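Engineer: The structure is given below, and queries will be raised subsequently.
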Amino acid sequence: MSGTQGSESRPGERLYGVKVELGGTRWALVDERGEAVVEANELLSALQARGLADNTLRAYAFDLAVLYRWLAAAGKSVRDLDHAGLLDFIREQRRRGARPRTINRRLTTCRLLYRFLTDEDVPRGRGTSLPALYYRGRGRDRYLGLHQLPRQQRLKLRVQVPRTLVEPLRREQVGLMFESLRRYRDLGLVQLMLLCGLRSAEVLGLTLFDVSLEEGQVLVRGKGGKERMLPLPETLAETLRAYLRLERPRGCGHEQLFVVLQGGHRGRPMTRAGLRKLFRHRRRKPAMGNANAHRFRHTFGTDMARAGVRLAVLQKMMGHNDAATTLQYINLSMADVAAEFRRAMTEIERRYEER
């Protein structure tokens, strides 16, 4: 078994894990004895038939493992679920330290599995706390100023997600990262996130045929299999040329762009674990802070916004379906607020000094 989700077990708790079948193209749920969980795997098979991306199927599989682990500990089955039971599930997830967004995604998986098995929604029952209705006005989109058609909304049990401001990386942090890189491969990985805004999965998914160094562009396959074409900065193009000429082993036998460069796995496609290790090793320096892969992508969005790139263009570059998601990447950082405050105070002080 591989890829099992780690968490502490309790006496009498039946563990569930996830394994890969059919050459890594299918995720399946198994218990601690290696026996398949039929109903969960039927759902995963149906989702795969719909053409969902492998990363999406993986997320569903691990969420199902968490759900079945909790059901086994509580002595329940999927068909016993109601909203009061989901509240207990939320409490358990909070106790284990799961983040609000993660809990909400797992609640969605719970509802999807219940409907798949019963063709009904999870019953509400007593003792349920749902989000309260509130007046939204005439339905004007608050970002684009457009009126939307009214949509029937069914309230769902969710966890309140706090609004947090993700700070982009400082110039010194980016400089320290670049100074620490010793391979063209690693430099290319980071530049694709910082200069093109790619997600880590998008970087690892690039093939040799996706990058056109002559035309200066790269084909990116994002979430849901959606494709977008991005220009390649000349600095990044030079890095990739050096990587392909000097570092990438000949005759790898596959088309993945980024591969392992040393050890027994030399020439094999680079994995998520390898990419995480690249960043985790460098975050040990106090000055680097939380310089993970996603913050390089966030820094790209912030830099583009500061340079005056229009919202619609930035949304296309980052591969977002919703403009609201793009706005989260271009929120003013505290450094921006401080700079504007100082500029305004200089003008205000000058005005009163003239009196």
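Letters A, B, ... go to the chains of the structure tokens in the order shown; residues in each chain start at 1; ligands are counted from 1 in the same order.
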If you run DSSP on this backbone, which residues of stretch 93-334 of chain A come out as strand (DSSP E), and could you give them as a list in words?
Structural biologist: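 Put together, the selection reads Val211, Ser212, Gln217, Val218, Leu219, Val220, Arg221, Glu227, Arg228, Met229, Leu230 and Pro231 of chain A.
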Engineer: Determine, using only C-alpha atoms, which residues of stretch 1-106 of chain A have any atom at most 12 Å from an atom of stretch 195-206 of chain A, and tabulate each with its shortest atom pair and distance in Å to one decimal place, rows ordered by chain and then rising number, as JSON lines.
Structural biologist:
{"residue": "A:Ala53", "atom": "CA", "partner": "A:Ala201", "partner_atom": "CA", "distance": 11.3}
{"residue": "A:Asp54", "atom": "CA", "partner": "A:Ala201", "partner_atom": "CA", "distance": 10.7}
{"residue": "A:Asn55", "atom": "CA", "partner": "A:Ala201", "partner_atom": "CA", "distance": 8.4}
{"residue": "A:Thr56", "atom": "CA", "partner": "A:Ala201", "partner_atom": "CA", "distance": 11.4}
Engineer: With a distance cut-off of 12 Å and only C-alpha atoms, select the neighbouring residues of A:Arg91, excluding the residue or stretch itself and same-chain residues fewer than 5 positions from it, and output the selection as a list in words.
Structural biologist: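 Final neighbour list, sorted by chain and number: Trp70, Ala84, Gly85, Leu86, Arg96, Gly97, Ala98, Arg99, Pro100, Ile103 and Val159 of chain A.
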Engineer: Atom CA of A:Leu208 to atom CA of A:Leu189: how many Å, to one decimal?
Structural biologist: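 Atom CA of A:Leu208 sits 13.9 Å away from atom CA of A:Leu189.
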Engineer: Considering only C-alpha atoms, state which residue in the set A:Arg266, A:Ala237, A:Lys223, A:Ala338 is at the smallest distance from A:Asn321.
Structural biologist: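 Result for the nearest residue to A:Asn321: A:Lys223.
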Engineer: So that I can see what lies close to A:Phe116, please list as a PyMOL selection string the residues with an atom at most 10 Å from it, counting only C-alpha atoms and leaving out residues fewer than 6 positions away in the same chain.
Structural biologist: chain A and resi 39-40+42-43+46+110
Engineer: Could you take the residues named above and write them with N, CA, C and O atoms, as a tab-separated table (two decimals), in the first residue's frame?
Structural biologist:
chain	number	residue	atom	x	y	z
A	39	GLU	N	-17.89	0.55	-2.10
A	39	GLU	CA	-18.74	1.69	-2.40
A	39	GLU	C	-17.92	2.96	-2.66
A	39	GLU	O	-18.25	3.76	-3.56
A	40	ALA	N	-16.83	3.13	-1.91
A	40	ALA	CA	-15.97	4.30	-2.13
A	40	ALA	C	-15.28	4.21	-3.48
A	40	ALA	O	-15.16	5.20	-4.21
A	42	GLU	N	-16.32	2.62	-6.11
A	42	GLU	CA	-17.29	2.84	-7.19
A	42	GLU	C	-17.47	4.33	-7.46
A	42	GLU	O	-17.60	4.76	-8.61
A	43	LEU	N	-17.46	5.13	-6.39
A	43	LEU	CA	-17.52	6.58	-6.57
A	43	LEU	C	-16.28	7.09	-7.29
A	43	LEU	O	-16.38	7.89	-8.24
A	46	ALA	N	-16.48	6.28	-10.90
A	46	ALA	CA	-17.42	7.16	-11.61
A	46	ALA	C	-16.81	8.53	-11.86
A	46	ALA	O	-17.00	9.12	-12.93
A	110	CYS	N	-18.17	14.15	1.67
A	110	CYS	CA	-19.19	13.40	2.42
A	110	CYS	C	-20.54	13.48	1.72
A	110	CYS	O	-21.22	12.46	1.53
Engineer: Quick one: of A:Phe300, A:Gly225, A:Ala291, A:Phe209, who's nearest to A:Gln256, counting only C-alpha atoms?
Structural biologist: A:Phe209
Engineer: One decimal, in Å: what's the spacing between atom CA of A:Lys285 and atom CA of A:Val174?
Structural biologist: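 Distance reported for this atom pair: 12.8 Å.
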Engineer: List the neighbours of stretch 60-65 of chain A out to 8 Å using only C-alpha atoms; skip same-chain residues closer than 2 positions along the sequence, and give me the result as a count of residues only.
Structural biologist: 19
Engineer: Go ahead and compute the interatomic distance for atom CA of A:Thr302 and atom CA of A:Leu176, in Å to one decimal.
Structural biologist: 19.2 Å
Engineer: What's around A:Thr271 at 10 Å? Count only C-alpha atoms, leave out sequence neighbours fewer than 2 positions away in its own chain, and write the answer as a PyMOL selection string.
Structural biologist: chain A and resi 201+204-205+258-260+268-269+273-277
Engineer: Find the spatial neighbours of A:Gly253, counting only C-alpha atoms, within a cut-off of 9 Å - ignore same-chain residues fewer than 2 positions away - and output them as a VMD selection string.
Structural biologist: chain A and resid 250 to 251 255 267 to 268
Engineer: Using only C-alpha atoms for the distances, tell me which of A:Leu213, A:Val337, A:Leu87, A:Leu117 is nearest to A:Arg158.
Structural biologist: A:Leu87
